[in-house]
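**Q** Okay, so here is my_file.pdb, and as you'll see once you scroll down, it has PDB, C-alpha atoms, pLDDT in the B column.
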```
MODEL        1
ATOM      1  CA  MET A   1     132.937 193.186  86.648  1.00 48.00           C
ATOM      2  CA  THR A   2     130.936 189.984  86.299  1.00 57.00           C
ATOM      3  CA  ASP A   3     132.122 186.389  86.042  1.00 77.00           C
ATOM      4  CA  THR A   4     128.828 185.102  84.651  1.00 81.00           C
ATOM      5  CA  ARG A   5     128.776 184.005  81.043  1.00 92.00           C
ATOM      6  CA  ILE A   6     125.620 184.264  78.948  1.00 96.00           C
ATOM      7  CA  PHE A   7     125.330 183.027  75.372  1.00 96.00           C
ATOM      8  CA  VAL A   8     122.452 184.170  73.149  1.00 97.00           C
ATOM      9  CA  VAL A   9     122.346 181.848  70.136  1.00 95.00           C
ATOM     10  CA  GLY A  10     120.294 182.525  67.038  1.00 95.00           C
ATOM     11  CA  VAL A  11     119.520 179.272  65.238  1.00 92.00           C
ATOM     12  CA  GLY A  12     117.607 178.216  62.156  1.00 92.00           C
ATOM     13  CA  ASN A  13     117.794 177.774  58.420  1.00 93.00           C
ATOM     14  CA  ILE A  14     117.541 181.038  56.468  1.00 94.00           C
ATOM     15  CA  PHE A  15     116.527 179.080  53.346  1.00 95.00           C
ATOM     16  CA  LEU A  16     113.286 177.879  54.975  1.00 94.00           C
ATOM     17  CA  GLY A  17     111.337 181.112  55.396  1.00 96.00           C
ATOM     18  CA  ASP A  18     110.432 181.742  59.028  1.00 97.00           C
ATOM     19  CA  ASP A  19     113.021 179.209  60.214  1.00 95.00           C
ATOM     20  CA  GLY A  20     115.525 182.056  59.782  1.00 96.00           C
ATOM     21  CA  PHE A  21     113.921 183.914  62.721  1.00 97.00           C
ATOM     22  CA  GLY A  22     116.653 183.127  65.259  1.00 96.00           C
ATOM     23  CA  VAL A  23     119.367 184.120  62.798  1.00 96.00           C
ATOM     24  CA  GLU A  24     117.635 187.476  62.210  1.00 98.00           C
ATOM     25  CA  VAL A  25     117.290 188.150  65.948  1.00 98.00           C
ATOM     26  CA  ALA A  26     120.995 187.395  66.545  1.00 97.00           C
ATOM     27  CA  THR A  27     122.045 189.513  63.564  1.00 97.00           C
ATOM     28  CA  ARG A  28     120.082 192.498  64.836  1.00 97.00           C
ATOM     29  CA  MET A  29     121.240 192.028  68.450  1.00 97.00           C
ATOM     30  CA  ARG A  30     124.891 191.965  67.377  1.00 96.00           C
ATOM     31  CA  ARG A  31     124.504 195.511  66.054  1.00 95.00           C
ATOM     32  CA  SER A  32     124.044 196.788  69.620  1.00 94.00           C
ATOM     33  CA  PRO A  33     126.477 196.676  72.520  1.00 94.00           C
ATOM     34  CA  GLN A  34     125.770 193.901  75.027  1.00 94.00           C
ATOM     35  CA  PRO A  35     126.449 193.841  78.769  1.00 94.00           C
ATOM     36  CA  GLU A  36     129.760 192.438  79.958  1.00 92.00           C
ATOM     37  CA  GLY A  37     129.756 188.641  79.924  1.00 93.00           C
ATOM     38  CA  VAL A  38     127.089 188.399  77.194  1.00 96.00           C
ATOM     39  CA  ARG A  39     127.888 186.906  73.798  1.00 95.00           C
ATOM     40  CA  VAL A  40     125.432 186.930  70.874  1.00 97.00           C
ATOM     41  CA  ASP A  41     126.071 184.774  67.820  1.00 95.00           C
ATOM     42  CA  ASP A  42     124.336 183.093  64.881  1.00 93.00           C
ATOM     43  CA  PHE A  43     124.872 179.324  64.694  1.00 90.00           C
ATOM     44  CA  GLY A  44     122.395 178.652  61.892  1.00 88.00           C
ATOM     45  CA  ILE A  45     121.988 174.863  61.755  1.00 86.00           C
ATOM     46  CA  ARG A  46     125.412 173.900  63.162  1.00 82.00           C
ATOM     47  CA  GLY A  47     124.347 171.838  66.184  1.00 77.00           C
ATOM     48  CA  VAL A  48     127.591 169.909  66.627  1.00 82.00           C
ATOM     49  CA  HIS A  49     129.608 173.134  66.397  1.00 85.00           C
ATOM     50  CA  LEU A  50     127.358 174.669  69.061  1.00 88.00           C
ATOM     51  CA  ALA A  51     127.857 171.696  71.407  1.00 85.00           C
ATOM     52  CA  TYR A  52     131.632 172.128  71.149  1.00 87.00           C
ATOM     53  CA  GLU A  53     131.313 175.882  71.736  1.00 90.00           C
ATOM     54  CA  LEU A  54     129.261 175.240  74.868  1.00 89.00           C
ATOM     55  CA  LEU A  55     132.188 173.238  76.297  1.00 88.00           C
ATOM     56  CA  THR A  56     133.807 176.586  77.128  1.00 89.00           C
ATOM     57  CA  GLY A  57     131.177 176.993  79.866  1.00 88.00           C
ATOM     58  CA  TYR A  58     128.112 179.227  80.094  1.00 93.00           C
ATOM     59  CA  ASP A  59     125.855 179.988  83.040  1.00 93.00           C
ATOM     60  CA  LEU A  60     122.894 180.742  80.799  1.00 94.00           C
ATOM     61  CA  VAL A  61     122.260 179.801  77.162  1.00 94.00           C
ATOM     62  CA  ILE A  62     119.329 181.412  75.366  1.00 96.00           C
ATOM     63  CA  LEU A  63     118.457 179.746  72.052  1.00 93.00           C
ATOM     64  CA  VAL A  64     116.345 181.877  69.723  1.00 96.00           C
ATOM     65  CA  ASP A  65     114.432 179.875  67.126  1.00 93.00           C
ATOM     66  CA  THR A  66     111.030 179.157  65.654  1.00 93.00           C
ATOM     67  CA  LEU A  67     108.840 177.122  67.965  1.00 91.00           C
ATOM     68  CA  ASP A  68     105.594 175.571  66.780  1.00 92.00           C
ATOM     69  CA  LEU A  69     103.185 175.575  69.720  1.00 93.00           C
ATOM     70  CA  GLY A  70     100.037 176.043  67.640  1.00 95.00           C
ATOM     71  CA  GLU A  71      99.788 179.754  68.483  1.00 96.00           C
ATOM     72  CA  GLU A  72      99.128 182.669  66.166  1.00 97.00           C
ATOM     73  CA  PRO A  73     102.093 183.296  63.827  1.00 98.00           C
ATOM     74  CA  GLY A  74     104.523 185.748  65.424  1.00 98.00           C
ATOM     75  CA  THR A  75     103.670 184.746  69.011  1.00 98.00           C
ATOM     76  CA  ILE A  76     106.778 184.781  71.225  1.00 98.00           C
ATOM     77  CA  SER A  77     107.146 182.093  73.912  1.00 96.00           C
ATOM     78  CA  VAL A  78     109.845 181.267  76.441  1.00 96.00           C
ATOM     79  CA  LEU A  79     110.465 177.637  77.382  1.00 92.00           C
ATOM     80  CA  GLU A  80     112.992 175.865  79.543  1.00 89.00           C
ATOM     81  CA  PRO A  81     113.472 172.512  77.787  1.00 80.00           C
ATOM     82  CA  GLU A  82     113.541 169.314  79.805  1.00 72.00           C
ATOM     83  CA  LEU A  83     117.006 167.957  79.168  1.00 61.00           C
ATOM     84  CA  ASP A  84     116.863 164.720  81.189  1.00 59.00           C
ATOM     85  CA  GLY A  85     118.082 161.806  79.115  1.00 49.00           C
ATOM     86  CA  ALA A  86     119.561 164.194  76.577  1.00 49.00           C
ATOM     87  CA  GLY A  87     122.444 161.828  75.833  1.00 47.00           C
ATOM     88  CA  GLU A  88     120.045 159.325  74.264  1.00 46.00           C
ATOM     89  CA  VAL A  89     119.705 161.302  71.005  1.00 45.00           C
ATOM     90  CA  LEU A  90     122.448 161.538  68.385  1.00 46.00           C
ATOM     91  CA  PRO A  91     122.645 165.030  66.914  1.00 47.00           C
ATOM     92  CA  ASP A  92     122.579 165.615  63.190  1.00 47.00           C
ATOM     93  CA  ALA A  93     125.483 167.854  62.151  1.00 44.00           C
ATOM     94  CA  HIS A  94     122.993 170.100  60.333  1.00 45.00           C
ATOM     95  CA  ASP A  95     120.224 170.192  62.931  1.00 54.00           C
ATOM     96  CA  LEU A  96     119.954 172.212  66.087  1.00 62.00           C
ATOM     97  CA  ASP A  97     117.540 170.429  68.395  1.00 67.00           C
ATOM     98  CA  PRO A  98     118.326 171.622  71.958  1.00 69.00           C
ATOM     99  CA  VAL A  99     117.982 168.137  73.444  1.00 70.00           C
ATOM    100  CA  SER A 100     120.410 166.655  70.905  1.00 75.00           C
ATOM    101  CA  VAL A 101     122.916 169.479  71.373  1.00 77.00           C
ATOM    102  CA  MET A 102     122.759 169.125  75.150  1.00 76.00           C
ATOM    103  CA  GLY A 103     123.084 165.344  74.823  1.00 78.00           C
ATOM    104  CA  LEU A 104     126.262 165.705  72.800  1.00 79.00           C
ATOM    105  CA  LEU A 105     127.535 168.312  75.250  1.00 83.00           C
ATOM    106  CA  ALA A 106     126.949 165.881  78.140  1.00 81.00           C
ATOM    107  CA  ASP A 107     128.653 163.082  76.198  1.00 84.00           C
ATOM    108  CA  LEU A 108     131.654 165.398  75.769  1.00 84.00           C
ATOM    109  CA  GLY A 109     131.724 166.024  79.525  1.00 84.00           C
ATOM    110  CA  GLY A 110     130.279 169.543  79.475  1.00 83.00           C
ATOM    111  CA  SER A 111     127.186 171.268  80.777  1.00 80.00           C
ATOM    112  CA  VAL A 112     125.530 174.665  81.001  1.00 83.00           C
ATOM    113  CA  GLY A 113     123.949 176.220  84.036  1.00 85.00           C
ATOM    114  CA  ARG A 114     120.567 176.813  82.422  1.00 89.00           C
ATOM    115  CA  MET A 115     119.035 176.800  78.945  1.00 89.00           C
ATOM    116  CA  LEU A 116     116.049 178.804  77.758  1.00 93.00           C
ATOM    117  CA  VAL A 117     114.428 178.869  74.333  1.00 92.00           C
ATOM    118  CA  VAL A 118     112.879 182.099  73.079  1.00 96.00           C
ATOM    119  CA  GLY A 119     110.673 180.880  70.282  1.00 95.00           C
ATOM    120  CA  CYS A 120     108.446 182.421  67.671  1.00 97.00           C
ATOM    121  CA  GLN A 121     105.441 180.684  66.170  1.00 97.00           C
ATOM    122  CA  PRO A 122     106.204 180.381  62.433  1.00 97.00           C
ATOM    123  CA  ALA A 123     103.741 181.098  59.667  1.00 97.00           C
ATOM    124  CA  ASP A 124     105.650 179.643  56.715  1.00 96.00           C
ATOM    125  CA  LEU A 125     108.547 177.167  56.695  1.00 94.00           C
ATOM    126  CA  GLN A 126     108.588 176.581  52.935  1.00 95.00           C
ATOM    127  CA  GLU A 127     111.794 176.790  50.895  1.00 96.00           C
ATOM    128  CA  GLN A 128     112.253 180.524  50.466  1.00 95.00           C
ATOM    129  CA  MET A 129     114.349 183.372  51.801  1.00 95.00           C
ATOM    130  CA  GLY A 130     112.872 185.948  54.136  1.00 96.00           C
ATOM    131  CA  LEU A 131     110.494 185.991  57.071  1.00 98.00           C
ATOM    132  CA  SER A 132     106.709 186.199  56.781  1.00 98.00           C
ATOM    133  CA  ALA A 133     105.148 189.496  57.877  1.00 98.00           C
ATOM    134  CA  PRO A 134     103.970 188.322  61.352  1.00 98.00           C
ATOM    135  CA  VAL A 135     107.324 186.692  62.146  1.00 98.00           C
ATOM    136  CA  ALA A 136     109.322 189.688  60.888  1.00 98.00           C
ATOM    137  CA  ALA A 137     107.138 191.904  63.094  1.00 98.00           C
ATOM    138  CA  ALA A 138     107.996 189.708  66.116  1.00 98.00           C
ATOM    139  CA  VAL A 139     111.779 190.225  65.884  1.00 98.00           C
ATOM    140  CA  ASP A 140     111.754 193.388  68.036  1.00 98.00           C
ATOM    141  CA  GLU A 141     109.604 191.666  70.673  1.00 98.00           C
ATOM    142  CA  ALA A 142     111.983 188.703  70.774  1.00 98.00           C
ATOM    143  CA  ILE A 143     114.945 191.041  71.255  1.00 98.00           C
ATOM    144  CA  ARG A 144     113.085 192.742  74.117  1.00 98.00           C
ATOM    145  CA  VAL A 145     112.354 189.359  75.747  1.00 98.00           C
ATOM    146  CA  VAL A 146     115.967 188.199  75.382  1.00 98.00           C
ATOM    147  CA  ASP A 147     117.245 191.474  76.842  1.00 97.00           C
ATOM    148  CA  GLU A 148     114.845 191.084  79.765  1.00 97.00           C
ATOM    149  CA  LEU A 149     116.027 187.502  80.419  1.00 97.00           C
ATOM    150  CA  VAL A 150     119.676 188.577  80.251  1.00 96.00           C
ATOM    151  CA  HIS A 151     119.150 191.472  82.670  1.00 95.00           C
ATOM    152  CA  GLU A 152     117.117 189.263  85.000  1.00 94.00           C
ATOM    153  CA  HIS A 153     119.953 186.724  85.086  1.00 93.00           C
ATOM    154  CA  LEU A 154     122.597 189.413  85.589  1.00 91.00           C
ATOM    155  CA  SER A 155     120.681 191.035  88.452  1.00 89.00           C
ATOM    156  CA  THR A 156     120.185 187.635  90.135  1.00 84.00           C
ATOM    157  CA  TYR A 157     123.864 186.819  89.667  1.00 67.00           C
ATOM    158  CA  VAL A 158     125.017 190.168  91.073  1.00 61.00           C
ATOM    159  CA  GLY A 159     122.588 189.699  93.965  1.00 50.00           C
ATOM    160  CA  ARG A 160     124.286 186.397  94.864  1.00 51.00           C
ATOM    161  CA  GLU A 161     127.727 188.016  94.769  1.00 46.00           C
ATOM    162  CA  HIS A 162     127.026 190.434  97.618  1.00 39.00           C
TER     163      HIS A 162
ENDMDL
END
```
The structure given in the file should be rewritten as structure tokens.

**A**
Amino acid sequence: MTDTRIFVVGVGNIFLGDDGFGVEVATRMRRSPQPEGVRVDDFGIRGVHLAYELLTGYDLVILVDTLDLGEEPGTISVLEPELDGAGEVLPDAHDLDPVSVMGLLADLGGSVGRMLVVGCQPADLQEQMGLSAPVAAAVDEAIRVVDELVHEHLSTYVGREH
């Protein structure tokens, strides 16, 4: 039995093409059983709602979203955002910028142990439903990366317990 809490959060706007990537990853991950202590959910664009949810306490939060780093469309990257000074930004109720969410969380008196972003380079963020071919093809890779990060955290946590 583990006391660690991990939250995998799919974020994005399904009406803006590839921006629905995180939502698709979370939807697919929820179809499979997760290890004890791991929650997977889709928060879409509800940043304020997410900040309040994070008040319940998580050791690791993995946000899954599009991430424009100038790579080839469909490229998966993992970043640990710098959250210093996060309280300086007011979150938009319909935006899910990690710094803004963490700023609101800090303002509410909460925190998380660690936050990672598993991002996919988008190809098309125009108003439309559905992912572009390269981004749709990257969903399985993103799930693999998230699973690897979860298992890495769980093995480190269990290692500290003994």

**Q** Neighbouring residues of A:Met129 were defined as those with any atom within 8 Å, considering only C-alpha atoms; residues of the same chain fewer than 2 positions away were excluded. Please report them as a PyMOL selection string.

**A** chain A and resi 14-17+127+131

**Q** Using all atoms listed in the file, which of A:Val11, A:Ala138, A:Val118, A:Ile45 sits nearest A:Ser77?

**A**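 Among the listed residues, A:Val118 lies closest to A:Ser77.
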
**Q** Which residues are close to A:Val146, i.e. within 8 Å by only C-alpha atoms, leaving aside same-chain residues fewer than 3 positions away? Reply as a PDB file with C-alpha atoms, in the frame of the given file.

**A**
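Once everything was written out, this is selection-v5.pdb:
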```pdb
ATOM      1  CA  VAL A   8     122.452 184.170  73.149  1.00 97.00           C
ATOM      2  CA  ILE A  62     119.329 181.412  75.366  1.00 96.00           C
ATOM      3  CA  VAL A 118     112.879 182.099  73.079  1.00 96.00           C
ATOM      4  CA  ALA A 142     111.983 188.703  70.774  1.00 98.00           C
ATOM      5  CA  ILE A 143     114.945 191.041  71.255  1.00 98.00           C
ATOM      6  CA  LEU A 149     116.027 187.502  80.419  1.00 97.00           C
ATOM      7  CA  VAL A 150     119.676 188.577  80.251  1.00 96.00           C
TER       8      VAL A 150
END
```

**Q** Taking all atoms of stretch 40-55 of chain A that the file lists and extending 8 Å past them on each side, where is the centre of the axis-aligned box and how long are its edges? Answer in Å to one decimal, as AutoDock Vina command-line options.

**A**
```
--center_x 127.1 --center_y 178.4 --center_z 69.0 --size_x 26.2 --size_y 33.0 --size_z 30.5
```

**Q** Identify which of the residues A:Ala51, A:Val61, A:Leu108, A:Ala137 lies closest to A:Val25, counting all atoms listed in the file when measuring atom-to-atom distances.

**A** A:Ala137

**Q** So, counting all atoms listed in the file, which residue among A:Gly119, A:Gly130, A:Gly70, A:Gly22 is closest to A:Gly44?

**A** A:Gly22

**Q** Find the distance between atom CA of A:Val48 and atom CA of A:Thr4 and write it in Å to one decimal.

**A** 23.6 Å

**Q** Which one of A:Val38, A:Val99, A:Leu69, A:Ile76 sits closest to A:Ala136 if you count all atoms listed in the file?

**A**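 For A:Ala136, the nearest of the given residues is A:Ile76.
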
**Q** Take atom CA of A:Cys120 and atom CA of A:Gly74 and report the distance between them in Å, one decimal.

**A**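 About the pair atom CA of A:Cys120 and atom CA of A:Gly74: they are 5.6 Å apart.
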
**Q** Which residue, A:Thr66, A:Pro134, A:Arg114, A:Leu154, has the smallest gap to A:Asp19 when you use only C-alpha atoms?

**A** A:Thr66

**Q** Here is a test: counting all atoms listed in the file, which residue of A:Val117, A:Thr56, A:Thr156, A:Ser111 is nearest to A:Gly10?

**A**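 The answer is A:Val117, which sits nearest to A:Gly10.
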
**Q** Tell me, in Å to one decimal, how far atom CA of A:Glu24 is from atom CA of A:Asp147.

**A** 15.2 Å

**Q** I need the residue set behind the PyMOL selection byres ((chain A and resi 59) around 8) for this file; please write it as number ranges by chain.

**A** A: 4-6, 57-58, 60-61, 112-114

**Q** In file coordinates, which residues lie within 10 Å of (128.8, 188.3, 73.4) using only C-alpha atoms, given as a VMD selection string?

**A** chain A and resid 5 to 9 29 to 30 33 to 41

**Q** Show me the residues close to (108.8, 179.6, 61.9) - anything with an atom within 6 Å, counting all atoms listed in the file - and format the list as a PyMOL selection string.

**A** chain A and resi 18-19+66+121-123+125
